[in-house]
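Colleague: work.cif is reproduced below (mmCIF, C-alpha atoms and all ligand atoms).
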```cif
data_final
loop_
_atom_site.label_atom_id
_atom_site.label_comp_id
_atom_site.auth_asym_id
_atom_site.auth_seq_id
_atom_site.Cartn_x
_atom_site.Cartn_y
_atom_site.Cartn_z
CA MET A 86 -9.52 -11.55 10.72
CA ALA A 87 -12.47 -10.71 12.95
CA LYS A 88 -14.09 -13.61 14.78
CA GLN A 89 -17.53 -13.20 16.31
CA PRO A 90 -18.01 -14.13 19.97
CA LYS A 91 -19.17 -17.73 20.36
CA ALA A 92 -22.23 -18.51 22.50
CA GLY A 93 -22.69 -21.66 24.55
CA LYS A 94 -19.63 -22.39 26.76
CA VAL A 95 -19.83 -25.28 29.29
CA GLY A 96 -21.25 -24.20 32.65
CA GLU A 97 -23.32 -21.32 31.30
CA THR A 98 -27.00 -21.09 32.16
CA ALA A 99 -29.55 -21.12 29.35
CA LYS A 100 -30.28 -17.46 30.08
CA GLU A 101 -26.58 -16.53 29.81
CA LYS A 102 -26.27 -18.47 26.55
CA LYS A 103 -29.30 -16.71 25.14
CA GLY A 104 -27.97 -13.31 26.21
CA LYS A 105 -24.59 -14.00 24.63
CA LYS A 106 -26.21 -15.18 21.41
CA ARG A 107 -28.30 -12.05 21.27
CA ALA A 108 -25.21 -9.86 21.89
CA ALA A 109 -23.24 -11.72 19.22
CA ALA A 110 -26.07 -11.36 16.72
CA LYS A 111 -26.35 -7.64 17.46
CA LEU A 112 -22.60 -7.19 17.05
CA ALA A 113 -22.63 -9.16 13.80
CA GLN A 114 -25.44 -6.97 12.55
CA GLU A 115 -23.55 -3.81 13.46
CA VAL A 116 -20.02 -4.62 12.34
CA GLY A 117 -20.61 -7.74 10.29
CA LYS A 118 -18.61 -10.92 9.96
CA ALA A 119 -15.16 -10.77 8.44
CA LYS A 120 -15.86 -13.82 6.32
CA SER A 121 -18.72 -11.99 4.61
CA ILE A 122 -16.39 -9.27 3.27
CA ALA A 123 -17.00 -8.69 -0.42
CA LYS A 124 -14.15 -9.53 -2.78
CA PRO A 125 -14.87 -8.43 -6.34
CA PRO A 126 -13.10 -10.48 -9.03
CA SER A 127 -11.16 -7.54 -10.46
CA ASP A 128 -8.72 -5.22 -8.73
CA ARG A 129 -9.57 -2.24 -10.91
CA GLU A 130 -11.42 0.62 -9.25
CA ALA A 131 -13.68 0.94 -12.28
CA ASP A 132 -14.92 -2.64 -11.75
CA LEU A 133 -16.50 -1.96 -8.36
CA ALA A 134 -20.27 -2.54 -8.31
CA ARG A 135 -20.56 1.21 -8.87
CA ALA A 136 -17.57 3.15 -10.19
CA PRO A 137 -16.46 5.99 -7.87
CA LYS A 138 -16.72 9.52 -9.26
CA TRP A 139 -13.25 11.03 -9.54
CA GLN A 140 -13.88 13.52 -12.36
CA PRO A 141 -13.15 17.20 -11.53
CA ARG A 142 -16.42 19.11 -11.48
CA TYR A 143 -15.24 22.46 -12.83
CA PRO A 144 -12.73 23.93 -15.28
CA GLY A 145 -9.18 24.54 -14.02
CA SER A 146 -8.04 27.98 -12.95
CA GLY A 147 -4.26 27.48 -12.74
CA ARG A 148 -4.17 27.19 -8.96
CA LEU A 149 -1.21 24.77 -9.08
CA ASP A 150 0.41 25.96 -12.31
CA GLY A 151 3.98 24.70 -12.71
CA LYS A 152 3.95 22.83 -9.40
CA VAL A 153 4.81 19.21 -8.68
CA ALA A 154 2.83 17.10 -6.22
CA ILE A 155 3.49 13.68 -4.71
CA VAL A 156 0.24 11.85 -3.95
CA THR A 157 0.53 8.60 -2.00
CA GLY A 158 -2.29 6.15 -2.63
CA GLY A 159 -2.79 8.18 -5.79
CA ASP A 160 -3.92 5.32 -8.00
CA SER A 161 -7.48 4.95 -6.72
CA GLY A 162 -10.29 6.41 -4.64
CA ILE A 163 -9.68 9.80 -3.03
CA GLY A 164 -6.08 9.83 -4.28
CA ARG A 165 -7.15 9.43 -7.92
CA ALA A 166 -9.63 12.31 -7.63
CA VAL A 167 -6.88 14.44 -6.04
CA CYS A 168 -4.47 13.61 -8.90
CA ALA A 169 -7.13 14.45 -11.51
CA LEU A 170 -8.03 17.78 -9.87
CA PHE A 171 -4.42 18.81 -9.19
CA ALA A 172 -3.54 18.04 -12.83
CA ARG A 173 -6.50 20.09 -14.03
CA GLU A 174 -5.14 22.94 -11.91
CA GLY A 175 -1.72 22.70 -13.57
CA ALA A 176 0.37 20.29 -11.46
CA ASP A 177 2.58 17.40 -12.57
CA ILE A 178 2.03 14.38 -10.35
CA ALA A 179 4.06 11.54 -8.84
CA ILE A 180 1.49 8.81 -8.19
CA VAL A 181 2.60 6.45 -5.41
CA TYR A 182 0.87 3.06 -5.22
CA LEU A 183 1.41 -0.19 -3.36
CA GLY A 184 0.56 -2.91 -5.86
CA ASN A 185 -2.30 -1.94 -8.12
CA LYS A 186 -0.44 -1.11 -11.32
CA GLY A 187 -3.60 -1.14 -13.44
CA ASP A 188 -5.19 1.62 -11.37
CA ALA A 189 -1.89 3.55 -11.24
CA ASP A 190 -1.62 3.47 -15.05
CA ASP A 191 -5.26 4.56 -15.38
CA THR A 192 -4.62 7.53 -13.08
CA ALA A 193 -1.44 8.46 -14.95
CA ALA A 194 -3.51 8.51 -18.15
CA ILE A 195 -6.05 10.80 -16.46
CA VAL A 196 -3.26 13.23 -15.45
CA GLU A 197 -1.74 13.15 -18.94
CA GLY A 198 -5.21 13.70 -20.38
CA GLU A 199 -5.18 17.03 -18.52
CA GLY A 200 -1.94 17.91 -20.34
CA ARG A 201 0.32 17.34 -17.33
CA ARG A 202 3.21 14.95 -16.66
CA ALA A 203 2.65 11.84 -14.52
CA ILE A 204 5.00 9.24 -13.10
CA THR A 205 3.98 6.15 -11.15
CA ILE A 206 6.08 4.90 -8.25
CA LYS A 207 5.50 1.49 -6.69
CA ALA A 208 6.49 1.73 -3.03
CA ASP A 209 5.37 0.52 0.38
CA VAL A 210 5.22 3.78 2.34
CA GLY A 211 5.46 1.83 5.59
CA LYS A 212 9.06 0.87 4.81
CA VAL A 213 11.78 3.29 5.96
CA ALA A 214 13.52 3.33 2.56
CA ALA A 215 10.34 4.27 0.67
CA GLY A 216 10.59 7.98 1.48
CA ASP A 217 14.02 8.39 -0.13
CA LYS A 218 13.01 6.29 -3.15
CA ILE A 219 9.83 8.30 -3.80
CA VAL A 220 11.57 11.64 -3.43
CA ALA A 221 14.59 10.67 -5.55
CA ARG A 222 12.37 9.41 -8.41
CA THR A 223 10.21 12.53 -8.29
CA ILE A 224 13.18 14.91 -8.37
CA GLU A 225 14.83 12.89 -11.14
CA LYS A 226 11.73 12.78 -13.38
CA LEU A 227 9.76 15.92 -12.45
CA GLY A 228 12.52 18.21 -11.15
CA ARG A 229 10.98 19.66 -7.98
CA ILE A 230 8.44 19.08 -5.20
CA ASP A 231 5.91 21.67 -4.01
CA VAL A 232 3.11 19.61 -2.50
CA LEU A 233 3.07 16.36 -0.56
CA VAL A 234 -0.26 14.58 -0.12
CA ASN A 235 0.01 11.79 2.46
CA ASN A 236 -3.11 9.84 1.53
CA ALA A 237 -2.16 6.12 1.45
CA GLY A 238 -3.99 4.08 4.05
CA GLU A 239 -5.25 0.64 4.97
CA GLN A 240 -8.03 -0.57 7.26
CA HIS A 241 -9.10 -4.00 8.51
CA PRO A 242 -12.31 -4.47 10.49
CA ALA A 243 -12.29 -6.40 13.77
CA ALA A 244 -15.25 -6.58 16.13
CA ASP A 245 -13.16 -7.66 19.13
CA ILE A 246 -9.79 -6.07 20.06
CA ARG A 247 -8.42 -9.59 20.65
CA ASP A 248 -8.96 -10.36 16.96
CA ILE A 249 -6.43 -7.73 15.88
CA ASP A 250 -3.42 -9.70 14.76
CA PRO A 251 -0.13 -8.18 16.09
CA ASP A 252 1.43 -8.17 12.63
CA GLN A 253 -1.60 -6.44 11.20
CA LEU A 254 -1.50 -3.89 14.00
CA GLN A 255 2.13 -3.06 13.14
CA ARG A 256 1.29 -2.85 9.44
CA THR A 257 -1.66 -0.53 9.86
CA PHE A 258 0.46 1.85 11.90
CA ALA A 259 3.39 1.52 9.47
CA THR A 260 1.26 2.37 6.43
CA ASN A 261 -1.04 4.97 7.94
CA ILE A 262 1.29 7.02 10.14
CA PHE A 263 4.94 5.86 10.14
CA GLY A 264 4.99 6.30 6.35
CA MET A 265 4.09 9.97 6.80
CA PHE A 266 7.18 10.46 8.99
CA TYR A 267 9.48 8.69 6.49
CA LEU A 268 8.18 10.69 3.55
CA VAL A 269 8.27 14.07 5.30
CA GLN A 270 11.84 13.35 6.46
CA ALA A 271 12.86 12.62 2.87
CA VAL A 272 10.96 15.44 1.20
CA LEU A 273 11.82 18.27 3.58
CA PRO A 274 15.15 19.31 1.97
CA HIS A 275 13.24 19.90 -1.29
CA LEU A 276 10.36 21.98 0.09
CA GLY A 277 10.65 25.76 -0.05
CA THR A 278 8.55 28.65 1.21
CA GLY A 279 4.99 28.25 -0.03
CA ALA A 280 5.11 24.45 -0.05
CA ALA A 281 2.21 22.50 1.42
CA ILE A 282 1.71 19.14 3.09
CA VAL A 283 -1.81 17.69 3.24
CA ASN A 284 -2.47 14.55 5.30
CA CYS A 285 -5.50 12.29 5.15
CA THR A 286 -7.07 11.56 8.53
CA SER A 287 -10.69 10.40 9.02
CA VAL A 288 -14.01 11.10 10.70
CA THR A 289 -13.32 7.93 12.73
CA MET A 290 -10.66 9.92 14.59
CA TYR A 291 -13.33 12.31 15.85
CA GLN A 292 -16.26 9.93 16.32
CA GLY A 293 -14.45 6.75 17.27
CA SER A 294 -15.17 3.50 15.46
CA LYS A 295 -15.77 0.35 17.49
CA GLY A 296 -15.02 -1.99 14.59
CA LEU A 297 -11.87 -0.11 13.48
CA LEU A 298 -9.87 0.28 16.69
CA ASP A 299 -6.39 0.22 15.16
CA TYR A 300 -7.31 2.23 12.07
CA SER A 301 -9.04 5.01 14.03
CA ALA A 302 -6.07 5.15 16.42
CA THR A 303 -3.73 5.78 13.46
CA LYS A 304 -6.06 8.53 12.27
CA GLY A 305 -5.90 10.15 15.71
CA ALA A 306 -2.11 10.06 15.43
CA ILE A 307 -2.30 11.68 12.00
CA THR A 308 -4.32 14.63 13.30
CA ALA A 309 -1.87 15.15 16.20
CA PHE A 310 1.04 14.81 13.76
CA THR A 311 -0.54 17.39 11.44
CA ARG A 312 -0.91 19.94 14.23
CA SER A 313 2.60 19.34 15.60
CA LEU A 314 4.29 19.35 12.20
CA SER A 315 2.47 22.56 11.36
CA GLU A 316 4.01 24.28 14.37
CA ASN A 317 7.37 22.72 13.56
CA LEU A 318 7.46 23.95 9.94
CA VAL A 319 5.53 27.20 9.98
CA ALA A 320 8.67 29.33 10.33
CA LYS A 321 9.99 27.77 7.11
CA GLY A 322 6.85 28.93 5.26
CA ILE A 323 5.61 25.35 4.85
CA ARG A 324 1.95 24.80 5.72
CA VAL A 325 0.65 21.47 7.04
CA ASN A 326 -3.07 20.66 7.11
CA ALA A 327 -5.33 17.62 6.90
CA VAL A 328 -8.60 16.36 5.48
CA ALA A 329 -10.91 14.09 7.51
CA PRO A 330 -13.30 12.40 5.09
CA GLY A 331 -16.48 10.68 6.18
CA PRO A 332 -17.68 7.56 4.35
CA ILE A 333 -16.49 7.95 0.75
CA TRP A 334 -17.24 5.49 -2.04
CA THR A 335 -13.78 4.11 -2.95
CA PRO A 336 -12.26 0.59 -3.10
CA LEU A 337 -11.17 0.85 0.58
CA ASN A 338 -14.39 -0.39 2.20
CA PRO A 339 -15.89 -2.74 -0.45
CA ARG A 340 -12.51 -4.45 -1.01
CA GLY A 341 -11.99 -5.76 2.51
CA GLY A 342 -12.07 -2.62 4.67
CA ALA A 343 -15.61 -3.27 5.88
CA PRO A 344 -18.01 -6.21 6.21
CA ALA A 345 -20.38 -6.66 3.26
CA ASP A 346 -23.52 -5.81 5.23
CA LYS A 347 -21.94 -2.52 6.33
CA VAL A 348 -20.91 -1.75 2.77
CA ALA A 349 -24.53 -2.29 1.68
CA HIS A 350 -25.60 0.61 3.93
CA PHE A 351 -22.45 2.66 3.51
CA GLY A 352 -22.92 6.35 4.31
CA GLU A 353 -26.58 6.04 5.34
CA GLY A 354 -25.71 7.06 8.89
CA THR A 355 -24.56 10.55 7.86
CA PRO A 356 -26.93 13.55 7.98
CA MET A 357 -26.92 13.48 4.15
CA LYS A 358 -27.78 9.75 4.29
CA ARG A 359 -25.38 8.78 1.51
CA PRO A 360 -21.68 8.14 0.96
CA GLY A 361 -19.55 10.91 -0.53
CA GLU A 362 -17.74 10.63 -3.85
CA PRO A 363 -13.96 11.11 -4.21
CA ASN A 364 -14.58 14.21 -6.35
CA GLU A 365 -16.46 15.76 -3.42
CA VAL A 366 -13.37 15.34 -1.23
CA ALA A 367 -10.58 16.32 -3.66
CA PRO A 368 -11.46 20.07 -3.59
CA ALA A 369 -10.63 20.10 0.15
CA PHE A 370 -7.14 18.77 -0.69
CA LEU A 371 -6.78 21.35 -3.47
CA PHE A 372 -7.77 24.22 -1.20
CA LEU A 373 -5.16 23.18 1.39
CA ALA A 374 -2.48 22.56 -1.26
CA CYS A 375 -2.77 25.93 -3.01
CA ASP A 376 -2.43 29.56 -1.97
CA ASP A 377 -6.18 29.94 -1.40
CA SER A 378 -5.44 28.63 2.12
CA SER A 379 -2.31 30.76 2.62
CA TYR A 380 -3.43 31.81 6.14
CA MET A 381 -4.24 28.25 7.29
CA SER A 382 -1.95 25.70 8.89
CA GLY A 383 -2.48 22.92 11.44
CA GLN A 384 -6.17 22.68 10.49
CA VAL A 385 -8.52 19.91 9.39
CA LEU A 386 -11.33 20.09 6.80
CA HIS A 387 -14.31 17.76 7.11
CA PRO A 388 -15.99 16.57 3.90
CA ASN A 389 -18.17 14.07 5.76
CA GLY A 390 -21.82 14.43 4.76
CA GLY A 391 -22.70 16.92 7.49
CA THR A 392 -21.50 15.18 10.65
CA ILE A 393 -20.56 17.80 13.26
CA VAL A 394 -17.25 16.88 14.88
CA ASN A 395 -15.94 20.10 16.43
CA GLY A 396 -12.29 19.84 15.47
N1 LIG A 401 -13.10 5.83 1.84
C1 LIG A 401 -13.44 6.28 3.02
O1 LIG A 401 -14.58 6.12 3.48
C2 LIG A 401 -12.42 7.03 3.85
C3 LIG A 401 -12.86 7.74 4.97
C4 LIG A 401 -11.94 8.44 5.74
C5 LIG A 401 -10.59 8.41 5.39
N2 LIG A 401 -10.20 7.69 4.30
C6 LIG A 401 -8.78 7.69 3.97
O2 LIG A 401 -8.59 8.07 2.63
C7 LIG A 401 -7.32 7.60 2.20
C8 LIG A 401 -7.48 7.01 0.80
O3 LIG A 401 -8.33 5.89 0.87
P1 LIG A 401 -9.47 5.62 -0.20
O4 LIG A 401 -10.75 5.57 0.53
O5 LIG A 401 -9.34 6.51 -1.35
O6 LIG A 401 -9.20 4.09 -0.59
P2 LIG A 401 -8.30 3.40 -1.71
O7 LIG A 401 -8.74 3.81 -3.06
O8 LIG A 401 -8.29 1.96 -1.38
O9 LIG A 401 -6.87 4.04 -1.45
C9 LIG A 401 -5.93 3.53 -0.56
C10 LIG A 401 -4.62 3.72 -1.25
O10 LIG A 401 -3.55 3.47 -0.35
C11 LIG A 401 -2.57 2.72 -1.05
N3 LIG A 401 -1.78 1.99 -0.07
C12 LIG A 401 -2.23 1.15 0.90
N4 LIG A 401 -1.20 0.69 1.63
C13 LIG A 401 -0.08 1.25 1.09
C14 LIG A 401 1.30 1.15 1.40
N5 LIG A 401 1.74 0.41 2.42
N6 LIG A 401 2.18 1.84 0.63
C15 LIG A 401 1.75 2.60 -0.40
N7 LIG A 401 0.44 2.75 -0.72
C16 LIG A 401 -0.45 2.07 0.02
C17 LIG A 401 -3.34 1.81 -1.99
O11 LIG A 401 -2.49 1.37 -3.05
P3 LIG A 401 -2.91 0.10 -3.98
O12 LIG A 401 -4.19 0.49 -4.67
O13 LIG A 401 -1.76 -0.07 -4.91
O14 LIG A 401 -3.10 -1.06 -3.05
C18 LIG A 401 -4.42 2.77 -2.43
O15 LIG A 401 -3.97 3.56 -3.49
C19 LIG A 401 -6.85 6.60 3.26
O16 LIG A 401 -5.89 7.22 4.09
C20 LIG A 401 -8.11 6.33 4.06
O17 LIG A 401 -7.83 5.96 5.38
C21 LIG A 401 -11.07 7.01 3.52
#
```
As structure tokens, how would this structure be written, given the file I've shared?
Ligand SMILES: NC(=O)c1ccc[n+]([C@@H]2O[C@H](COP(=O)([O-])OP(=O)(O)OC[C@H]3O[C@@H](n4cnc5c(N)ncnc54)[C@H](OP(=O)(O)O)[C@@H]3O)[C@@H](O)[C@H]2O)c1
Modeller:
Amino acid sequence: MAKQPKAGKVGETAKEKKGKKRAAAKLAQEVGKAKSIAKPPSDREADLARAPKWQPRYPGSGRLDGKVAIVTGGDSGIGRAVCALFAREGADIAIVYLGNKGDADDTAAIVEGEGRRAITIKADVGKVAAGDKIVARTIEKLGRIDVLVNNAGEQHPAADIRDIDPDQLQRTFATNIFGMFYLVQAVLPHLGTGAAIVNCTSVTMYQGSKGLLDYSATKGAITAFTRSLSENLVAKGIRVNAVAPGPIWTPLNPRGGAPADKVAHFGEGTPMKRPGEPNEVAPAFLFLACDDSSYMSGQVLHPNGGTIVNG
């Protein structure tokens, strides 16, 4: 985990020591200390200091009637809000999660509460075999696949690039981008004309993020992947787009994805001066998943509190 630079090496002048201390303090203030990361006692999304808002904000209008969607990272945060909204719009959902069964069951209950079918699939999307497993279970239980939402992701803050552990680096890339390849490879034979793939990238891809070097690099890869896959699949009638959220109040940051002092001011740096809620992001996924966006592919939507990113 992230170590802060130490001041006071042998041979340094007092002025150099003071300068280093000041730089370290500034860095700590900006990106925080890994050891100060907040760890709430419960794993449940609802037990965060403030529960994220996932509830759909309007009645359904049948935009996904009769369709089946796979949503990775569907148990919590943005993924939960996407599952809830897609279900309200008529879709059955395969909810893919890594380990948080409690949240996955809660989200399945939300989908069923909308009168739709839900299955939960425990899988590590970063493993090659996960794609086939997820697709086989979905076809077996729900019969078809129309929409793939590649939303699972992980992030680990590090102030200094030398603090990024090689294993962690591999894992972040495996989860955030390799998993998208594995799942698309597995799902492709089941997607017909009119199908849609929606990937989750991030504002950090456009702005950069000095404390999230590996994470933001995976998000850059996701945007390039989205554009390339769009060109690759457009002739088959399959559209591929992405959503690039800004700071959204989900478990990702308060549960280890950001230092506690950054979490305390989460979202304040946006023009709207607040974090977004998952149910303010889910409509972007819905738009790209349904026929409302039938003339769009290879594009990115930016629910990010008003930050202009030109992309
Ligand atoms: N929140 C933000 O500010 C923000 C901003 C920009 C982009 N995003 C992106 O939004 C997406 C969703 O994140 P979120 O903010 O909604 O946070 P979240 O609630 O923590 O969601 C992350 C999800 O990814 C799942 N996951 C992590 N590693 C996995 C793996 N190897 N295999 C399968 N599933 C895995 C987690 O499953 P478990 O719960 O079972 O561990 C969880 O459901 C991510 O791609 C993230 O990068 C978030």
Colleague: With all atoms listed in the file as the basis for distance, which of A:Ala176, A:Val348, A:Ala320, A:Ala343 is at the shortest distance from Ser382 of chain A?
Modeller: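 With all atoms listed in the file as the atom set, the closest residue is A:Ala320.
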Colleague: Ligand LIG 401 (chain A): which residues are within 7 Å, counting all atoms listed in the file? Reply as an MDAnalysis selection string.
Modeller: chainID A and resid 157:164 181:186 188 208:211 236:240 260:261 285:288 329:338
Colleague: List as a compact mmCIF listing (two decimals) with C-alpha atoms, in the frame of the given file the protein and nucleic acid residues near Leu371 of chain A, meaning an atom at most 10 Å away when all atoms listed in the file are counted, but skip any in the same chain fewer than 5 places from it.
Modeller:
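Produced file result.txt, reproduced below:
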```
# COMPACT_ATOMS: atom_id res chain seq x y z
CA ARG A 148 -4.17 27.19 -8.96
CA LEU A 149 -1.21 24.77 -9.08
CA VAL A 167 -6.88 14.44 -6.04
CA CYS A 168 -4.47 13.61 -8.90
CA LEU A 170 -8.03 17.78 -9.87
CA PHE A 171 -4.42 18.81 -9.19
CA GLU A 174 -5.14 22.94 -11.91
CA VAL A 234 -0.26 14.58 -0.12
CA VAL A 283 -1.81 17.69 3.24
CA VAL A 366 -13.37 15.34 -1.23
CA ASP A 376 -2.43 29.56 -1.97
CA ASP A 377 -6.18 29.94 -1.40
CA SER A 378 -5.44 28.63 2.12
```
Colleague: Could you tell me how far atom CA of Ser379 of chain A lies from atom CA of Ile230 of chain A, in Å and to one decimal?
Modeller: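 Separating atom CA of Ser379 of chain A from atom CA of Ile230 of chain A is a distance of 17.7 Å.
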Colleague: Go through A:Gln255, A:Asn389, A:Thr303, A:Gln384 and flag the residue nearest Glu353 of chain A, using all atoms listed in the file for the distances.
Modeller: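 Closest residue, counting all atoms listed in the file: A:Asn389.
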Colleague: Under the rule that all atoms listed in the file are counted, which of A:Thr205, A:Gln292, A:Ser146, A:Asn235 is the nearest residue to Thr223 of chain A?
Modeller: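 That would be A:Thr205, the residue with the smallest distance to Thr223 of chain A.
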Colleague: Go through A:Lys226, A:His350, A:Lys212, A:His387 one by one, measure the shortest atom-to-atom distance of each to Pro368 of chain A using all atoms listed in the file, and give the residue with the smallest value.
Modeller: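 Result for the nearest residue to Pro368 of chain A: A:His387.
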Colleague: What gap, in Å, lies between atom CA of Leu386 of chain A and atom CA of Leu373 of chain A?
Modeller: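 Straight-line distance from atom CA of Leu386 of chain A to atom CA of Leu373 of chain A works out to 8.8 Å.
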Colleague: Please determine, counting all atoms listed in the file, which residue among A:Ile307, A:Val156, A:Ala271, A:Ile206 has the shortest atom-to-atom distance to Asn326 of chain A.
Modeller: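 Smallest separation from Asn326 of chain A among the options: A:Ile307.
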Colleague: What gap, in Å, lies between atom CA of Thr257 of chain A and atom CA of Ile155 of chain A?
Modeller: 21.0 Å
Colleague: Using only C-alpha atoms, determine which residues lie at most 9 Å from Lys295 of chain A, disregarding the query and same-chain residues fewer than 5 positions distant; provide the list as a list of chain:residue names.
Modeller: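 Residues meeting the cut-off are A:Val116, A:Ala243, A:Ala244, A:Asp245, A:Ser301.
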Colleague: Please return the centre and edge lengths, in Å to one decimal, of a box with edges along x, y and z that contains all listed atoms of segment 310-321 of chain A, widened by 8 Å on every side, as AutoDock Vina command-line options.
Modeller:
```
--center_x 4.5 --center_y 22.1 --center_z 11.4 --size_x 26.9 --size_y 30.5 --size_z 24.5
```
Colleague: When you count only C-alpha atoms, which of these residues is closest to Gly277 of chain A: A:Pro242, A:Gly293, A:Gly390, A:Gly322?
Modeller: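 Ranked by minimum distance to Gly277 of chain A, first place goes to A:Gly322.
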